[in-house]
Amino acid sequence: MAAVVAVAIVLLTAFIGLATEVGANLLPKSWDWLQNPAIVFGGGGAALLVLIGAVIIERNLALGDGGDQIEDGAKGASGRQSNNYGDRITVDSNSGTIVNAPGATIHAICGAEKPSAGPAEKSPDNLGEASRIRYSNLPPRNQFFTGRQDFLDRLEGRTGLDRRVVILIRGLGGIGKTQVALEFAHRFKDKNPRVIVWWVRAESVVTIVEDLSSLAPVVGVADMIDQEATARKVLDILSQTPDGLLVYDNANAPSVVAPWTPTGGPKTLLTSRDRGWSGIAEQVDLPLFGRSESVAYLQRRIRCDDDTSLAVLAEELGDLPLALSQAAGYVDVNGMSISRYLDLYRDKRSAGRLLAQRLGVPDYPETVATTWLLHLDQLNQMPSASGLLMLCSFLGPEVINLDLILSEPRVLPAPLGERISDSFEREQAIGMLAKTSLVARVGDGEIVIHRLVSLVIRGYLLPAQKVVWASSAIFTLYNAFPERPADKREWATCSALAHHAVAAISRISELPPSPELAESPALSAAVGLRVLVADYLSVRGEYSIAREHLLEALSTADKLHGRNTPRRSSILVSLGGVYRQMGDLAAARDYFEQALEIENQQLEPNRLSLATIMGNLGAVLAQQGDRSRAYDLQRKALEVGEEVFGRDAYEISTALNNLGALQVDLQEYDLAEVSLQRALRIKRANLSPTDPEIPMTLANLGMLSVARRRFDRGLRFYQDALALKEEVFGNKHPELAATLINMGGVRQRLGDLENARKDIERAIAIYSDAGFPNHPSVGLAYAILGLVHQDEGDLVAARDRTKDGVKVLESVYVSEPAADLAKALCQLAEIEELLGNHAEALRHGYRALKLQEIGRSGDDEILVPTLVVLSTAHEALADHGRARATLRRAADISASRLGADHDVTNQLRQLLGNHDEPGR
């Protein structure tokens with residue numbers, strides 16, 4: 001005990017000395033009373049006594065809890081071809097009476113992923129190691145918060161009800177909605193230290209998803225790279241947690257925010273200027289400050305005893321909290337008197353009100369605009385500062401990384417472009433903005449500009465100026481955004497720019513039509529920027545949001561350039577890729593075929609674009625079972641790539657990968673080995689060791705090994721591919737699912753049924769968490785799970801899981817033939833036959849045969865397993881003629897395609913001979 005007190009005395013004494021020295025240099029001169037060492041040491045001594053007393057009480061009571069440790073804080077797609085045959089899923093139906101022809105597979109491409117087994121889901125009531133749990137992410141408390149007691153009491157009364165409560169604080173912009181919500185949240189946290197109190201930035205779906213996802217560790221949700229799936233899982237758990245408080249700040253349209261609120265559970269508090277929340281939330285209006293509150297607030301900020309002058313200032317500013325805050329900051333930073341500030345303000349009243357009328361923002365009175373416009377007079381003395389403010393007003397409210405935004409000064413208008421490239425001039429401009437409190441500096445080269453400041457600054461600009469600065473924002477972001485968002489090394493940059501890109505696109509889209517806007521190339525650049533953002537969101541697994549951006553880009557591109565342009569073609573390719581990842585193969589095929597048609601209609605088609613489109617379309621066709629056309633397209637794609645880039649260029653590696661996967665399907669194993677090994681060699685020579693394209697080819701080499709019955713080798717390839725994917729994407733990304741399904745299939749063949757089940761169930765859960773329960777790969781996963789149960793001897797469970805797979809595949813392949821669905825139906829027919837349900841076996845078997853015969857020759861070896869099942873069922877029903885006919889057809893196909901001496905052919909002939917035995 002004595003040691004603890006001694007250490008406390010030493011530390012506190014050192015701190016007091018340091019604080020005295022720092023305070024003498026940093027505190028405002030108006031705080032000279034605090035620079036008196038006697039006061040500082042006197043206060044420090046009192047604090048020391050309190051500390052010693054607290055330590056003694058803590059020692060005697062031996063509470064041992066530790067308390068809460070709460071942390072506060074609130075390029076173009078046309079030239080890129082996706083790995084269309086990356087990591088396909090393969091399954092053989094290899095039990096019971098089925099005879100497996102080599103290459104008979106169930107396959108699919110990529111998917112989504114389930115969290116691996118982890119700790120049980122937790123609520124704050126049962127969390128272990130409580131002292132390490134972060135129950136709150138609230139921004140720091142506003143030390144100048146004043147008044148609002150009646151309103152806070154009103155909120156406390158409504159949130160104290162023993163039921164779910166959703167309350168919306170609404171009111172004028174700048175009236176203090178956010179600050180009231182923050183103060184209430186801190187008071188709620190103080191009274192309820194062991195429940196969740198979470199702050200959610202509700203400006204957009206992206207920020208909502210980010211903040212809800214950050215709550216995952218608290219509620220026991222495993223960390224997932226797909227933030228949207230994480231956020232939905234968090235909401236599911238919160239909806240069943242009765243205590244706590246969620247604050248959604250600056251909520252936009254209810255249609256955007258409401259789907260991301262819990263359906264039950266904690267109290268929910270929202271702030272918004274939107275008045276359309278009727279029926280969703282109980283709405284309470286936040287009034288202006290009362291005059292006494294305004295004066296009290298200014299007294300705390302300015303340390304002025306002249307209540308009369310403060311009352312006059314409050315009246316001039318309309319008792320609007322944000323205006324009062326700005327005025328107080330301006331007076332304090334510039335060291336001026338209230339009377340001097342009023343003189344400046346009144347000189348500006350005429351011009352200020354005229355400028356406010358030009359804002360076009362009816363929610364804001366001229367008092368706010370005039371207050372901020374006062375700062376512009378000062379900023380105009382430094383054009384680089386005023387220009388930087390104009391530029392940032394067209395970005396989002398998140399942290400602005402100026403090192404990224406200003407990386408291409410040449411695209412900025414004069415004089416900002418020339419001056420901001422100078423490091424000293426840039427720092428001077430940032431310092432000037434921070435001094436006026438129009439922006440907050442949060443780090444080296446990083447600032448934040450309040451959304452209301454941005455709104456007023458944009459409104460201050462003339463129409464032609466808005467076009468200039470909105471265009472500049474688009475150009476700077478487009479040039480700064482990485483050309484390959486799929487490269488993990490670029491993800492940090494993409495993340496820092498994506499929010500601002502979305503905001504800048506929104507700003508330029510809101511501008512009214514004008515000759516200046518019509519002539520600006522920024523509209524076209526905005527389309528390209530939106531596509532880059534969508535590509536980044538897609539690689540992070542946020543397919544739904546990416547799709548919406550691409551559809552918007554397509555609509556805008558059509559208006560700007562027409563419907564028969566290369567720009568439209570490139571967007572269609574990106575859309576097709578997203579729909580394919582989501583499992584909608586019909587939509588993907590349609591978009592790729594539209595793109596191919598556009599390129600073929602060009603007078604001088606871009607051969608690289610043609611190769612890209614053909615490769616993507618070929619991948620979808622192969623997945624749908626049209627192998628003949630798929631093969632032709634992949635061959636052409638490779639030929640074009642080799643002609644344009646050469647035989648060893650990185651640009652042809654994707655075409656080689658896709659062609660090799662298709663050659664496996666066609667049982668051209670030697671050719672497939674050459675194609676895939678060549679693709680792997682080129683990728684490793686040109687990409688980083690952890691590039692996500694490398695595991696795609698490794699997985700296809702695994703598929704080749706499995707097709708050759710080299711199961712151990714195939715499993716090693718799949719394991720290497722999975723390890724690389726987990727390193728790149730984490731443990732919860734949809735890209736992992738296909739590899740897991742393939743691994744499960746191989747382990748089922750090797751008899752490792754327990755691990756096979758784990759792999760398959762993890763893959764199914766990944767797709768479910770990602771929001772794709774009907775992805776075609778889910779159907780394939782259920783089919784493999786059916787094989788696992790069949791090997792375990794549980795035919796009922798095998799039938800049920802296989803039916804699940806058929807149901808999913810039927811929902812995907814509604815109007816088109818599909819080899820995957822046919823294989824699953826054949827497997828289901830086999831299991832029904834083993835269960836003695838001969839009629840059901842025939843029904844499913846003939847459905848499978850019909851699908852397999854579409855688009856294929858009558859002697860295709862893929863028909864053999866289905867014909868064997870049908871023969872067995874007919875024989876069981878004493879239909880010996882049909883039984884012999886179907887078995888004869890299977891034997892003839894095997895002899896023709898596999899050879900007269902092949903093991904499969906010999907087995908079929910032996911079965912056929914049994915039919916001829918007497919009494920058979």
# chains A, B, ... in the order shown; residues from 1 in each chain; ligands from 1
call {"tool": "residues_around", "arguments": {"residues": "A:Ile338", "least_positions_apart": "6", "cutoff": "8 Å", "atoms": "only C-alpha atoms", "output": "ChimeraX atom specification"}}
result
/A:309-310,313,331
call {"tool": "residues_around", "arguments": {"residues": "A:Ala486", "least_positions_apart": "3", "cutoff": "9 Å", "atoms": "only C-alpha atoms", "output": "short mmCIF file (atom, residue, chain, number, x, y, z; two decimals) with N, CA, C and O atoms, in the first residue's frame"}}
result
data_model
loop_
_atom_site.label_atom_id
_atom_site.label_comp_id
_atom_site.auth_asym_id
_atom_site.auth_seq_id
_atom_site.Cartn_x
_atom_site.Cartn_y
_atom_site.Cartn_z
N GLU A 483 -5.94 2.12 -59.86
CA GLU A 483 -6.48 1.51 -61.08
C GLU A 483 -6.88 0.06 -60.85
O GLU A 483 -7.74 -0.46 -61.56
N ARG A 489 -2.87 -4.43 -51.73
CA ARG A 489 -1.97 -3.36 -51.32
C ARG A 489 -2.61 -1.98 -51.52
O ARG A 489 -2.13 -0.99 -50.96
N GLU A 490 -3.66 -1.90 -52.31
CA GLU A 490 -4.33 -0.63 -52.58
C GLU A 490 -5.58 -0.43 -51.74
O GLU A 490 -6.24 0.60 -51.84
N TRP A 491 -5.92 -1.40 -50.90
CA TRP A 491 -7.21 -1.31 -50.19
C TRP A 491 -7.26 -0.14 -49.21
O TRP A 491 -8.30 0.49 -49.06
N ASP A 535 -15.89 -1.46 -58.19
CA ASP A 535 -14.93 -2.56 -58.27
C ASP A 535 -14.30 -2.84 -56.91
O ASP A 535 -14.08 -3.99 -56.53
N TYR A 536 -13.99 -1.79 -56.17
CA TYR A 536 -13.42 -1.96 -54.83
C TYR A 536 -14.42 -2.63 -53.89
O TYR A 536 -14.09 -3.57 -53.17
N SER A 538 -16.85 -4.51 -54.68
CA SER A 538 -17.07 -5.89 -55.11
C SER A 538 -15.99 -6.82 -54.58
O SER A 538 -16.27 -7.91 -54.06
N VAL A 539 -14.73 -6.40 -54.67
CA VAL A 539 -13.65 -7.27 -54.21
C VAL A 539 -13.70 -7.43 -52.70
O VAL A 539 -13.21 -8.43 -52.16
N ARG A 540 -14.31 -6.47 -51.98
CA ARG A 540 -14.47 -6.61 -50.54
C ARG A 540 -15.72 -7.40 -50.17
O ARG A 540 -16.06 -7.53 -49.00
N ASP A 691 -1.09 -12.02 -54.20
CA ASP A 691 -2.13 -11.49 -55.08
C ASP A 691 -3.28 -12.49 -55.18
O ASP A 691 -3.05 -13.70 -55.31
N PRO A 692 -4.54 -12.01 -55.11
CA PRO A 692 -5.68 -12.94 -55.10
C PRO A 692 -5.86 -13.75 -56.38
O PRO A 692 -6.63 -14.70 -56.39
#
call {"tool": "residues_around", "arguments": {"residues": "A:Gly702", "least_positions_apart": "4", "cutoff": "9 Å", "atoms": "only C-alpha atoms", "output": "PyMOL selection string"}}
result
chain A and resi 87+697-698+706-707+711+713-718+721+742
call {"tool": "select_by_dssp", "arguments": {"residues": "stretch 144-238 of chain A", "states": "strand (DSSP E or B)", "output": "list in words"}}
result
Val166, Ile167, Leu168, Ile169, Arg170, Val197, Trp198, Trp199, Val200 and Arg201 of chain A
call {"tool": "write_last_selection", "arguments": {"atoms": "C-alpha atoms", "output": "PDB file, in the first residue's frame"}}
result
ATOM      1  CA  VAL A 166     -37.110   4.677 -31.168  1.00  0.00           C
ATOM      2  CA  ILE A 167     -36.825   8.459 -30.832  1.00  0.00           C
ATOM      3  CA  LEU A 168     -35.919  10.921 -33.569  1.00  0.00           C
ATOM      4  CA  ILE A 169     -34.442  14.294 -32.625  1.00  0.00           C
ATOM      5  CA  ARG A 170     -35.187  16.640 -35.474  1.00  0.00           C
ATOM      6  CA  VAL A 197     -23.868   2.604 -25.810  1.00  0.00           C
ATOM      7  CA  TRP A 198     -22.865   2.897 -29.470  1.00  0.00           C
ATOM      8  CA  TRP A 199     -22.526   5.828 -31.867  1.00  0.00           C
ATOM      9  CA  VAL A 200     -23.399   5.222 -35.535  1.00  0.00           C
ATOM     10  CA  ARG A 201     -22.609   7.710 -38.284  1.00  0.00           C
TER      11      ARG A 201
END
call {"tool": "closest_residue", "arguments": {"among": "A:Leu750, A:Val640, A:Leu155, A:Leu585", "to": "A:Ser811", "atoms": "only C-alpha atoms"}}
result
A:Leu585
call {"tool": "closest_residue", "arguments": {"among": "A:Arg441, A:Lys758, A:His733, A:Arg291", "to": "A:Glu228", "atoms": "only C-alpha atoms"}}
result
A:His733
call {"tool": "atom_distance", "arguments": {"atom1": "atom CA of A:His775", "atom2": "atom CA of A:Ala738"}}
result
11.1 Å
call {"tool": "closest_residue", "arguments": {"among": "A:Gln227, A:Ser339, A:Gln299, A:Thr159", "to": "A:Phe729", "atoms": "only C-alpha atoms"}}
result
A:Gln227
call {"tool": "residues_around", "arguments": {"residues": "stretch 376-388 of chain A", "least_positions_apart": "2", "cutoff": "7 Å", "atoms": "only C-alpha atoms", "output": "list in words"}}
result
Leu373, Leu374, Met390, Leu391, Cys392, Pro415, Leu416, Arg419, Ile420, Ala429, Ile430, Met432 and Leu433 of chain A
call {"tool": "write_last_selection", "arguments": {"atoms": "N, CA and C atoms", "output": "mmCIF file, in the first residue's frame"}}
result
data_model
loop_
_atom_site.group_PDB
_atom_site.id
_atom_site.type_symbol
_atom_site.label_atom_id
_atom_site.label_comp_id
_atom_site.auth_asym_id
_atom_site.auth_seq_id
_atom_site.Cartn_x
_atom_site.Cartn_y
_atom_site.Cartn_z
ATOM 1 N N LEU A 373 -19.488 33.366 -43.606
ATOM 2 C CA LEU A 373 -18.951 34.200 -44.677
ATOM 3 C C LEU A 373 -17.972 35.236 -44.147
ATOM 4 N N LEU A 374 -18.085 35.571 -42.853
ATOM 5 C CA LEU A 374 -17.089 36.461 -42.253
ATOM 6 C C LEU A 374 -15.695 35.860 -42.386
ATOM 7 N N MET A 390 -13.001 25.418 -50.728
ATOM 8 C CA MET A 390 -13.998 25.173 -51.776
ATOM 9 C C MET A 390 -13.938 23.718 -52.241
ATOM 10 N N LEU A 391 -12.720 23.224 -52.451
ATOM 11 C CA LEU A 391 -12.561 21.839 -52.915
ATOM 12 C C LEU A 391 -13.114 20.861 -51.890
ATOM 13 N N CYS A 392 -12.740 21.042 -50.622
ATOM 14 C CA CYS A 392 -13.158 20.100 -49.583
ATOM 15 C C CYS A 392 -14.658 20.154 -49.327
ATOM 16 N N PRO A 415 -5.537 29.521 -58.671
ATOM 17 C CA PRO A 415 -4.105 29.324 -58.365
ATOM 18 C C PRO A 415 -3.850 28.157 -57.418
ATOM 19 N N LEU A 416 -4.899 27.436 -57.023
ATOM 20 C CA LEU A 416 -4.726 26.369 -56.041
ATOM 21 C C LEU A 416 -3.734 25.329 -56.537
ATOM 22 N N ARG A 419 -0.067 26.558 -56.157
ATOM 23 C CA ARG A 419 0.391 26.872 -54.799
ATOM 24 C C ARG A 419 0.358 25.658 -53.877
ATOM 25 N N ILE A 420 -0.618 24.789 -54.064
ATOM 26 C CA ILE A 420 -0.770 23.686 -53.125
ATOM 27 C C ILE A 420 0.299 22.620 -53.328
ATOM 28 N N ALA A 429 -1.942 26.889 -45.698
ATOM 29 C CA ALA A 429 -3.369 26.893 -46.029
ATOM 30 C C ALA A 429 -4.170 26.067 -45.031
ATOM 31 N N ILE A 430 -3.649 24.883 -44.675
ATOM 32 C CA ILE A 430 -4.347 24.041 -43.694
ATOM 33 C C ILE A 430 -4.414 24.751 -42.342
ATOM 34 N N MET A 432 -4.429 27.949 -41.768
ATOM 35 C CA MET A 432 -5.393 29.038 -41.822
ATOM 36 C C MET A 432 -6.816 28.514 -41.679
ATOM 37 N N LEU A 433 -7.128 27.418 -42.331
ATOM 38 C CA LEU A 433 -8.475 26.839 -42.218
ATOM 39 C C LEU A 433 -8.746 26.365 -40.789
#
call {"tool": "residues_around", "arguments": {"residues": "stretch 891-893 of chain A", "least_positions_apart": "6", "cutoff": "10 Å", "atoms": "only C-alpha atoms", "output": "PDB file with N, CA and C atoms, in the first residue's frame"}}
result
ATOM      1  N   GLY A 858     -25.414 -37.546 -78.380  1.00  0.00           N
ATOM      2  CA  GLY A 858     -26.117 -38.648 -77.740  1.00  0.00           C
ATOM      3  C   GLY A 858     -25.201 -39.670 -77.103  1.00  0.00           C
ATOM      4  N   ASP A 859     -23.878 -39.561 -77.346  1.00  0.00           N
ATOM      5  CA  ASP A 859     -22.968 -40.541 -76.757  1.00  0.00           C
ATOM      6  C   ASP A 859     -21.996 -39.879 -75.774  1.00  0.00           C
ATOM      7  N   ASP A 860     -22.429 -38.796 -75.154  1.00  0.00           N
ATOM      8  CA  ASP A 860     -21.575 -38.098 -74.186  1.00  0.00           C
ATOM      9  C   ASP A 860     -21.453 -38.947 -72.923  1.00  0.00           C
ATOM     10  N   GLU A 861     -20.205 -39.086 -72.422  1.00  0.00           N
ATOM     11  CA  GLU A 861     -19.973 -39.963 -71.276  1.00  0.00           C
ATOM     12  C   GLU A 861     -20.654 -39.472 -70.004  1.00  0.00           C
ATOM     13  N   ILE A 862     -21.043 -38.198 -69.983  1.00  0.00           N
ATOM     14  CA  ILE A 862     -21.698 -37.685 -68.775  1.00  0.00           C
ATOM     15  C   ILE A 862     -23.051 -38.350 -68.551  1.00  0.00           C
ATOM     16  N   LEU A 863     -23.612 -38.972 -69.602  1.00  0.00           N
ATOM     17  CA  LEU A 863     -24.910 -39.635 -69.477  1.00  0.00           C
ATOM     18  C   LEU A 863     -24.815 -40.984 -68.760  1.00  0.00           C
ATOM     19  N   VAL A 864     -23.628 -41.558 -68.673  1.00  0.00           N
ATOM     20  CA  VAL A 864     -23.483 -42.930 -68.200  1.00  0.00           C
ATOM     21  C   VAL A 864     -24.027 -43.136 -66.787  1.00  0.00           C
ATOM     22  N   LEU A 867     -27.845 -43.125 -66.775  1.00  0.00           N
ATOM     23  CA  LEU A 867     -28.424 -44.301 -67.424  1.00  0.00           C
ATOM     24  C   LEU A 867     -28.340 -45.531 -66.521  1.00  0.00           C
ATOM     25  N   VAL A 868     -27.275 -45.654 -65.756  1.00  0.00           N
ATOM     26  CA  VAL A 868     -27.131 -46.786 -64.845  1.00  0.00           C
ATOM     27  C   VAL A 868     -28.213 -46.744 -63.764  1.00  0.00           C
ATOM     28  N   ALA A 885     -32.239 -51.870 -72.123  1.00  0.00           N
ATOM     29  CA  ALA A 885     -31.982 -50.858 -73.160  1.00  0.00           C
ATOM     30  C   ALA A 885     -31.140 -49.707 -72.619  1.00  0.00           C
ATOM     31  N   GLY A 899     -13.234 -46.344 -74.308  1.00  0.00           N
ATOM     32  CA  GLY A 899     -12.490 -47.470 -74.839  1.00  0.00           C
ATOM     33  C   GLY A 899     -13.111 -48.800 -74.441  1.00  0.00           C
ATOM     34  N   ALA A 900     -12.947 -49.789 -75.314  1.00  0.00           N
ATOM     35  CA  ALA A 900     -13.575 -51.085 -75.076  1.00  0.00           C
ATOM     36  C   ALA A 900     -12.976 -51.812 -73.877  1.00  0.00           C
ATOM     37  N   VAL A 904     -14.612 -49.007 -66.636  1.00  0.00           N
ATOM     38  CA  VAL A 904     -16.030 -48.676 -66.590  1.00  0.00           C
ATOM     39  C   VAL A 904     -16.792 -49.492 -67.626  1.00  0.00           C
ATOM     40  N   THR A 905     -16.213 -49.608 -68.816  1.00  0.00           N
ATOM     41  CA  THR A 905     -16.865 -50.387 -69.875  1.00  0.00           C
ATOM     42  C   THR A 905     -17.014 -51.852 -69.457  1.00  0.00           C
ATOM     43  N   ASN A 906     -15.984 -52.396 -68.868  1.00  0.00           N
ATOM     44  CA  ASN A 906     -16.044 -53.788 -68.429  1.00  0.00           C
ATOM     45  C   ASN A 906     -17.088 -53.987 -67.332  1.00  0.00           C
ATOM     46  N   GLN A 907     -17.189 -53.040 -66.395  1.00  0.00           N
ATOM     47  CA  GLN A 907     -18.205 -53.150 -65.346  1.00  0.00           C
ATOM     48  C   GLN A 907     -19.607 -53.134 -65.943  1.00  0.00           C
ATOM     49  N   LEU A 908     -19.809 -52.252 -66.910  1.00  0.00           N
ATOM     50  CA  LEU A 908     -21.139 -52.149 -67.517  1.00  0.00           C
ATOM     51  C   LEU A 908     -21.474 -53.426 -68.298  1.00  0.00           C
ATOM     52  N   ARG A 909     -20.512 -53.979 -68.993  1.00  0.00           N
ATOM     53  CA  ARG A 909     -20.762 -55.216 -69.725  1.00  0.00           C
ATOM     54  C   ARG A 909     -21.081 -56.365 -68.779  1.00  0.00           C
ATOM     55  N   GLN A 910     -20.410 -56.378 -67.642  1.00  0.00           N
ATOM     56  CA  GLN A 910     -20.707 -57.417 -66.656  1.00  0.00           C
ATOM     57  C   GLN A 910     -22.147 -57.273 -66.149  1.00  0.00           C
ATOM     58  N   LEU A 911     -22.573 -56.029 -65.865  1.00  0.00           N
ATOM     59  CA  LEU A 911     -23.951 -55.802 -65.445  1.00  0.00           C
ATOM     60  C   LEU A 911     -24.913 -56.217 -66.540  1.00  0.00           C
ATOM     61  N   LEU A 912     -24.542 -55.910 -67.778  1.00  0.00           N
ATOM     62  CA  LEU A 912     -25.411 -56.251 -68.902  1.00  0.00           C
ATOM     63  C   LEU A 912     -25.516 -57.765 -69.043  1.00  0.00           C
TER      64      LEU A 912
END
call {"tool": "residues_around", "arguments": {"residues": "A:Ala258", "least_positions_apart": "5", "cutoff": "10 Å", "atoms": "only C-alpha atoms", "output": "PyMOL selection string"}}
result
chain A and resi 251-253+263+277+280-281
call {"tool": "residues_around", "arguments": {"residues": "A:Pro397", "least_positions_apart": "4", "cutoff": "10 Å", "atoms": "only C-alpha atoms", "output": "JSON list (two decimals) with C-alpha atoms, in the first residue's frame"}}
result
[["chain", "number", "residue", "atom", "x", "y", "z"],
["A", 203, "GLU", "CA", -24.87, 9.70, -43.32],
["A", 392, "CYS", "CA", -13.16, 20.10, -49.58],
["A", 393, "SER", "CA", -16.75, 21.36, -49.43],
["A", 447, "ILE", "CA", -8.60, 17.37, -41.80],
["A", 448, "VAL", "CA", -12.33, 17.12, -41.21],
["A", 449, "ILE", "CA", -14.85, 19.66, -42.49],
["A", 450, "HIS", "CA", -18.27, 19.78, -40.89],
["A", 451, "ARG", "CA", -21.14, 18.88, -43.19],
["A", 452, "LEU", "CA", -22.91, 22.17, -42.46],
["A", 453, "VAL", "CA", -19.83, 24.21, -43.28],
["A", 454, "SER", "CA", -19.59, 22.34, -46.59],
["A", 499, "HIS", "CA", -16.53, 7.84, -49.07],
["A", 500, "HIS", "CA", -15.36, 11.09, -50.64],
["A", 503, "ALA", "CA", -19.99, 12.32, -51.90]]
